[in-house]
Amino acid sequence: MRFLPTGEQSDFARTLHDLLGASQVPAAVRAWGAGEHGPGRALWSRLAGTGLFALAADEAYDGAGLLPVELALGFVELGRAGVPGPVVETAAAAVLLSELARLGEEGDDGPAKRFLPGLVAGEALATLTLPGGSPYALDADAAAYCFTVSAAGELRLARGAGAGAGAGAGAGAGAGAGAGAGEPLRSTDPARRLSRPAADGELLAAGPRVLAAAGTALGWARLLTAAQCLGVGEALLASTVQYVKQRTQFGTPIGGFQAVKHRLADTLLALEFARPLVWAAALGLAPWEVAAAKLAAGEAAYAAAMTALQLHGAVGYTEELDLSLWLRKARPLRDAWGSPAACRAAVLQERER
């Protein structure tokens, strides 16, 4: 089967690409890393205006329905532009709440009614932890809501989060969201802050349906991270190709050297092999397909980062060069929502059935 996006899907991806290209994303990333979330929130609002987050929520809660292919196409563009913030986590939280409402009895959609409209409209950012994922939440200091799902099937709103629930929560609730999260951990990417949420927050729901919804949300988080990795890898490769055309050695562009060509070709092949896996995972959402896509895209993005670093030489290490913003994302995204070892285990488990 050959996957080709429809005209509408291509138009949506192009709209995001153009919007992000005109939004000074590198400046927003640097501000986010310094703890200034204003430019990132403004960008977030523009992204929500395209309907991006509506693709992860049921229509009953102002969403467009759960559309993984369209959302994956969008997240490739987010990765290509290097957008900061808990974009994957907000989408996964929307999926979690939508699935929880779908699996519940009539009248059990309180959390969905309470939180989803704000997430869809871009008024609030969310982060979360899920069984099978990391115990650390991304950017809890910037998020209005920090959801946690325990292994026992308890969905909680982490203590200190949700202080600004309702319209405009995303604009002023960041400080409250981090109150119960503890000191953020260091990351290779300054724009990614990880912290362990408090475990004694408000109980929103409990039981087997919470674990079922969490499993679905985990798959979406892994898929969207794979799509981000694909975009990051493509951005790194494009920057490197442009650089080797300009940098000269012995009077000739280094892009003409055979060793450089081979390195770039290997990087391109890894990305091109990962791409159909991402689309297959988006179409089917089978756990092993999602794991295979995450593994291939994550490794391809990391390889693209290593290629970019080597071919840029010493200049690749400098913070002043925008390239560093993507270089620092490749490794954390490769390991987020499923390390290579965890993804390999998921694929092997399917083969052994």
# chains A, B, ... in the order shown; residues from 1 in each chain; ligands from 1
$ select_by_dssp --residues "region 51-140 of chain A" --states "alpha helix (DSSP H)" --output "ChimeraX atom specification"
/A:68-81,87-103,110-121
$ write_last_selection --atoms "C-alpha atoms" --output "short mmCIF file (atom, residue, chain, number, x, y, z; two decimals), in the first residue's frame"
data_model
loop_
_atom_site.label_atom_id
_atom_site.label_comp_id
_atom_site.auth_asym_id
_atom_site.auth_seq_id
_atom_site.Cartn_x
_atom_site.Cartn_y
_atom_site.Cartn_z
CA PRO A 68 -4.46 10.59 13.81
CA VAL A 69 -3.27 10.95 10.21
CA GLU A 70 -4.03 14.66 10.05
CA LEU A 71 -2.51 15.19 13.48
CA ALA A 72 0.66 13.27 12.55
CA LEU A 73 1.06 15.41 9.42
CA GLY A 74 0.74 18.49 11.61
CA PHE A 75 3.28 17.25 14.12
CA VAL A 76 5.86 16.67 11.39
CA GLU A 77 5.60 20.41 10.74
CA LEU A 78 5.90 21.17 14.48
CA GLY A 79 9.09 19.12 14.60
CA ARG A 80 10.44 20.73 11.43
CA ALA A 81 9.92 24.18 12.96
CA VAL A 87 2.40 19.85 22.29
CA VAL A 88 2.42 16.04 22.33
CA GLU A 89 1.26 15.97 25.93
CA THR A 90 -1.64 18.36 25.29
CA ALA A 91 -2.85 16.26 22.36
CA ALA A 92 -2.43 13.03 24.36
CA ALA A 93 -4.37 14.54 27.27
CA ALA A 94 -7.20 15.42 24.87
CA VAL A 95 -7.22 11.84 23.57
CA LEU A 96 -7.22 10.51 27.14
CA LEU A 97 -10.23 12.60 28.15
CA SER A 98 -12.12 11.84 24.92
CA GLU A 99 -11.55 8.09 25.32
CA LEU A 100 -12.49 8.20 28.97
CA ALA A 101 -15.82 9.82 28.07
CA ARG A 102 -16.43 7.32 25.27
CA LEU A 103 -15.80 4.32 27.53
CA GLY A 110 -17.36 15.42 33.58
CA PRO A 111 -13.57 15.65 33.04
CA ALA A 112 -14.03 15.90 29.26
CA LYS A 113 -16.58 18.70 29.58
CA ARG A 114 -14.40 20.48 32.11
CA PHE A 115 -11.07 20.43 30.30
CA LEU A 116 -11.41 19.65 26.60
CA PRO A 117 -12.91 22.92 25.30
CA GLY A 118 -9.99 24.90 26.73
CA LEU A 119 -7.41 22.49 25.32
CA VAL A 120 -9.02 22.50 21.87
CA ALA A 121 -9.23 26.30 21.78
#
$ residues_around --residues "Pro190 (chain A)" --least-positions-apart "5" --cutoff "10 Å" --atoms "only C-alpha atoms" --output "VMD selection string"
chain A and resid 29 to 35 325 328 to 329
$ closest_residue --among "A:Ala292, A:Ile254, A:Leu333, A:Ala126" --to "Ser187 (chain A)" --atoms "only C-alpha atoms"
A:Leu333
$ residues_around --residues "Leu67 (chain A)" --least-positions-apart "5" --cutoff "10 Å" --atoms "only C-alpha atoms" --output "list of chain:residue names"
A:Ala54, A:Leu55, A:Ala56, A:Ala57, A:Asp58, A:Ala72, A:Ala282, A:Leu283
$ write_last_selection --atoms "C-alpha atoms" --output "PDB file, in the first residue's frame"
ATOM      1  CA  ALA A  54      -9.230  19.873  17.737  1.00  0.00           C
ATOM      2  CA  LEU A  55      -7.932  16.827  15.827  1.00  0.00           C
ATOM      3  CA  ALA A  56      -7.346  15.041  19.155  1.00  0.00           C
ATOM      4  CA  ALA A  57     -10.778  15.632  20.713  1.00  0.00           C
ATOM      5  CA  ASP A  58     -14.272  14.291  20.185  1.00  0.00           C
ATOM      6  CA  ALA A  72       0.655  13.274  12.554  1.00  0.00           C
ATOM      7  CA  ALA A 282      -1.177   6.709  11.934  1.00  0.00           C
ATOM      8  CA  LEU A 283      -3.523   4.725   9.701  1.00  0.00           C
TER       9      LEU A 283
END
$ residues_around --residues "Arg46 (chain A)" --least-positions-apart "5" --cutoff "9 Å" --atoms "only C-alpha atoms" --output "number ranges by chain"
A: 19, 41, 122
$ write_last_selection --atoms "all heavy atoms" --output "CSV table (one decimal), in the first residue's frame"
chain,number,residue,atom,x,y,z
A,19,LEU,N,2.5,29.1,8.4
A,19,LEU,CA,2.3,29.8,9.7
A,19,LEU,C,3.6,29.8,10.5
A,19,LEU,O,4.0,30.8,11.1
A,19,LEU,CB,1.1,29.2,10.4
A,19,LEU,CG,0.7,29.9,11.8
A,19,LEU,CD1,-0.8,29.6,12.0
A,19,LEU,CD2,1.5,29.3,13.0
A,41,ARG,N,3.4,30.9,24.1
A,41,ARG,CA,1.9,30.9,24.2
A,41,ARG,C,1.2,31.6,23.0
A,41,ARG,O,0.1,31.1,22.6
A,41,ARG,CB,1.5,31.6,25.5
A,41,ARG,CG,1.9,30.8,26.8
A,41,ARG,CD,1.3,31.4,28.0
A,41,ARG,NE,1.9,30.9,29.2
A,41,ARG,CZ,1.5,29.7,29.8
A,41,ARG,NH1,0.5,29.0,29.2
A,41,ARG,NH2,2.0,29.2,30.9
A,122,GLY,N,-6.9,26.2,22.6
A,122,GLY,CA,-5.6,26.7,22.8
A,122,GLY,C,-5.5,27.6,24.0
A,122,GLY,O,-4.5,28.3,24.2
$ closest_residue --among "A:Gly65, A:Gly85, A:Pro208, A:Gly298" --to "Phe273 (chain A)" --atoms "only C-alpha atoms"
A:Gly298
$ atom_distance --atom1 "CA of Thr15 (chain A)" --atom2 "CA of Asp62 (chain A)"
20.9 Å
$ residues_around --residues "region 146-157 of chain A" --least-positions-apart "4" --cutoff "6 Å" --atoms "only C-alpha atoms" --output "list in words"
Ala126, Thr127, Leu128, Thr129, Leu130, Pro131, Ala161, Gly201, Glu202, Leu203, Leu204, Ala205, Ala206, Gly207, Val210 and Leu211 of chain A
$ closest_residue --among "A:Gln228, A:Thr6, A:Thr188, A:Thr307" --to "Asp266 (chain A)" --atoms "only C-alpha atoms"
A:Thr307
$ residues_around --residues "region 236-241 of chain A" --least-positions-apart "2" --cutoff "8 Å" --atoms "only C-alpha atoms" --output "list in words"
Val232, Gly233, Glu234, Tyr243, Val244, Lys245, Gly255, Leu264, Thr267, Leu268, Ala304, Ala305, Thr307, Ala308, Leu311, His312, Leu323, Trp326 and Leu327 of chain A
$ atom_distance --atom1 "CA of Glu320 (chain A)" --atom2 "CA of Asp189 (chain A)"
14.5 Å
$ closest_residue --among "A:Ala346, A:Val260, A:Ala265, A:Leu277" --to "Gly132 (chain A)" --atoms "only C-alpha atoms"
A:Ala346
